[in-house]
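Comments concern the structure below.
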Amino acid sequence: DSYPYSCISVFAIHPQYADLHALPELKDAKARAEAEKTRAELNALDKIDYEKVNDFKINYLRQIFNQEGEKMMKTAEYKAFFLDTELWLVPYAQYSYLRDKNGTADFNQWPDHQVWDEAERKVLADPKTAAYKNVAFFYFVQFVLDRQMQEAHEHAKAKGVILKGDIPIGVNRNGCDVWTEPKYFNLNGQAGAPPDDFSANGQNWGFPTYNWFEMLKDGCQWWNRRFQNMARYFDAYRIDHVLGFFRIWEIPVHSVHGLLGQFAPALAMSREEIESYGLHFQEDRFTRPFITDWVLDRMFHERAGEVKEKYLDRLDDERYQMKPEVDTQRKVEALFADVTNEKELWLRDGLYALISDVLFVRDHTNPGVFHPRISAQLDFIYESLYDNDKAAFNRLYNDYFYRRNNQFWYQEAMKKLPKLVQATRMLVCAEDLGMVPDCVPWVMDELKILSLELQSMPKDPSVKFGHLSRNPYRSVCTISSHDMPTLRMWWDENIQRTQEYYNTMLYRQGPAPHPLPGWLASDIISRHLTSPSMLCILSIQDWLATDEALRLPDADAERINIPANPKHYWRYRMHLNIEDLAADQRFVQNITEIISQSGRV
């Protein structure tokens, strides 16, 4: 709750996007001087301080509201905005008011109003009532932001520039959307991602998963409204984690890591199906954490005895079980909540690993059927199997994750995505990276959705780096995303990998230079621009990599997000003003030439 405005509606625009220069000037000279002083201090920071920026902008907007709000909210423009957005705006404003009044975004802790009451809409929409006055500030802020975003959109179109928005796959479980329409969300699960190159334990985003049964009953109206609202400001959009419309990685609420998750929906396996692969299914052995003396010695070394005494009970002659007070990862997390000592955190992580060391997980809705645990081959329970059982499990595992659900997931996606694609005229792009089943390109091709192509993460498993010339036309080509290291960071991460890329993809002889020189960054960018992809969208960090005088001295300072760390702050900010960058003739000429030579003018 240190950052309460993180839990707003997906339909609302965040107050941090307000352009204060576009608002009327504060009439109070002292307040105006204080605001300018704070603005200068915040702009002088190397990284964004979201909390301070948020507090400053909210305070400034309240002053403008007190000064100009009554007059602005009597205009025909405001009244038209209110009528157009009332469906989501009224509950959003009430949620925001109650969140601030109660000092927390967790509506489960509020003494009342723990869910939206539609009966209150009329009084909240009547300017004559006290209830309206309580929430009017939030109406005003969204009106200001809507006008500014639409003006930016119109300006971009006049300059021949299209704006591309983003549709995050999840919503905060304490956000306005869940508060307003809880029927659309499964609050007993957490969305995330299975293990990948970013995180060996999988990713737990903490979002509730969607109740697609309820959403499909009304033709996905919640999603349609969301897309139509975005069309006010954008010409194209990216669907974050489009795989979530096929199936989502659903993690039990008692888990911290993602290893105990399952795909939902997915066709779970019965005991008989499992045994048909030649694996004798021992339910008690394969679904319980596999904890033995030799496992404890391998994991905890000299602390194995301590772990047995403090955290384990004897289960049978061979195995132990976790004590009831630590038998889930969330209980372990709570026990170590105030611990900062690295040795103790290592012990905590070991306990997490013990709890997830199973061969199968029970289906979250039907405990009588099972899913093979993701990446189980890396754990001790798999190591304990006989070789023939390992081979049987591997056959089962590969069929389950790569073949069994393909047609089923195709049908699931085709229930949802056509409705969303047809909701607006915006160009649809999708982030289709990760553990991609075969049915994903079938659907994307059928619906004309642009894929995301990264040379460092090829979709062809037979190659180490993607061949840019093979990119499909209906795709977005890029070098790095907000979840990845920038080009300069990637270049120095793995010297051997970079050398292979330098010789085989850039066709250059000799040792690859480190750090990445500007001329070579220009060459890499030029190659991406000449790919057949309809769009080539590159981050500002990668463009700046071409100019050694302009880019940050420390490449590591360019990183935006670390997806394996859900508490990582997105604090990156450009270290240059856009006006200064536009005035730098050398830089502008360089990128103009690169783009012109690529034929993308």
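The chains in the structure tokens are called A, B, ... from first to last as shown; in each chain the residues are counted from 1, and the ligands are counted from 1 in the order shown.
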
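Excluding Tyr233 in chain A itself and same-chain residues fewer than 2 positions from it, the residues having an atom within 8 Å of it are Met149, Gln150, His153, Leu163, Asn229, Met230, Ala231 and Asp235 of chain A, counting only C-alpha atoms.
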
Quiz item: Which parts of range 431-555 of chain A does DSSP call strand (DSSP E) when run on the backbone here, written out as a ChimeraX atom specification?
Solution: /A:451-454,475-478,535-536

Quiz item: Neighbours of range 540-556 of chain A within 7 Å (only C-alpha atoms; same-chain residues fewer than 3 positions away dropped), as a ChimeraX atom specification?
Solution: /A:486-489,518-519,521-522,559

Next, write the just-selected residues to a file, as a CSV table (one decimal), in the first residue's frame, keeping N, CA and C atoms as the atom set.
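Saved the output as part23.csv:
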chain,number,residue,atom,x,y,z
A,486,THR,N,18.9,-4.9,-22.4
A,486,THR,CA,19.0,-4.1,-23.6
A,486,THR,C,20.1,-4.7,-24.5
A,487,LEU,N,20.3,-4.2,-25.7
A,487,LEU,CA,21.3,-4.8,-26.6
A,487,LEU,C,22.7,-4.7,-26.0
A,488,ARG,N,23.0,-3.6,-25.4
A,488,ARG,CA,24.4,-3.5,-24.8
A,488,ARG,C,24.5,-4.4,-23.6
A,489,MET,N,23.5,-4.6,-22.8
A,489,MET,CA,23.6,-5.6,-21.7
A,489,MET,C,23.7,-7.0,-22.2
A,518,GLY,N,29.5,1.7,-30.8
A,518,GLY,CA,28.4,2.4,-31.5
A,518,GLY,C,28.2,2.0,-32.9
A,519,TRP,N,29.3,1.8,-33.7
A,519,TRP,CA,29.2,1.5,-35.1
A,519,TRP,C,28.6,0.1,-35.3
A,521,ALA,N,26.5,-1.4,-33.0
A,521,ALA,CA,25.1,-1.3,-32.7
A,521,ALA,C,24.3,-0.8,-33.9
A,522,SER,N,24.9,0.2,-34.6
A,522,SER,CA,24.2,0.7,-35.8
A,522,SER,C,24.0,-0.4,-36.8
A,559,ARG,N,18.4,-1.1,-17.8
A,559,ARG,CA,17.4,-2.1,-17.6
A,559,ARG,C,16.1,-1.6,-17.1

Quiz item: Skipping near chain neighbours, those fewer than 4 positions away, what residues fall within 7 Å of range 44-60 of chain A using only C-alpha atoms, listed as a VMD selection string?
Solution: chain A and resid 3 15 to 16 40 64 571 to 573 575

Quiz item: Counting only C-alpha atoms, what is within 12 Å of His21 in chain A, bar same-chain residues fewer than 4 positions away, as number ranges by chain?
Solution: A: 17, 25-26, 32, 35-36, 39, 57, 60-61, 64, 148

Quiz item: Do you know which residues are at most 12 Å from range 292-307 of chain A counting only C-alpha atoms, after dropping those on the same chain fewer than 4 positions away, and could you put them as a ChimeraX atom specification?
Solution: /A:285,288,311-323,326,343-344,346-354,357,379-384

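When only C-alpha atoms are used to measure the gap to Phe185 in chain A, the shortest distance among A:Met574, A:Val171, A:Val90, A:Ala268 belongs to A:Val171.
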
Self-check item: Cys429 in chain A surroundings by only C-alpha atoms, 7 Å radius, close-in-sequence under 3 positions cut, as a PyMOL selection string
Solution: chain A and resi 237-239+449-451

Using 9 Å as the limit and counting only C-alpha atoms, can you tabulate each residue of range 352-397 of chain A that touches range 269-281 of chain A, with its shortest atom-to-atom distance in Å and the two atoms involved, as a Markdown table?
| residue | atom | partner | partner_atom | distance |
| --- | --- | --- | --- | --- |
| A:Asp363 | CA | A:Met269 | CA | 8.9 |
| A:Gly368 | CA | A:Ser270 | CA | 7.3 |
| A:Val369 | CA | A:Ser270 | CA | 4.9 |
| A:Phe370 | CA | A:Met269 | CA | 5.1 |
| A:His371 | CA | A:Met269 | CA | 6.2 |
| A:Pro372 | CA | A:Met269 | CA | 8.6 |
| A:Asn388 | CA | A:Leu279 | CA | 8.3 |
| A:Asp389 | CA | A:Leu279 | CA | 5.6 |
| A:Lys390 | CA | A:Leu279 | CA | 8.4 |
| A:Ala391 | CA | A:Leu279 | CA | 8.8 |
| A:Ala392 | CA | A:Leu279 | CA | 5.7 |
| A:Phe393 | CA | A:Leu279 | CA | 6.6 |
| A:Arg395 | CA | A:Tyr277 | CA | 7.2 |
| A:Leu396 | CA | A:Tyr277 | CA | 6.3 |

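Between CA of Asp399 in chain A and CA of Leu359 in chain A the separation is 15.5 Å.
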
Quiz prompt | DSSP-assigned helix (DSSP H, G or I) members of range 1-184 of chain A, reported as a VMD selection string | solution = chain A and resid 4 to 6 15 to 17 20 to 22 29 to 43 50 to 72 76 to 102 107 to 109 118 to 124 130 to 158 176 to 180 182 to 184
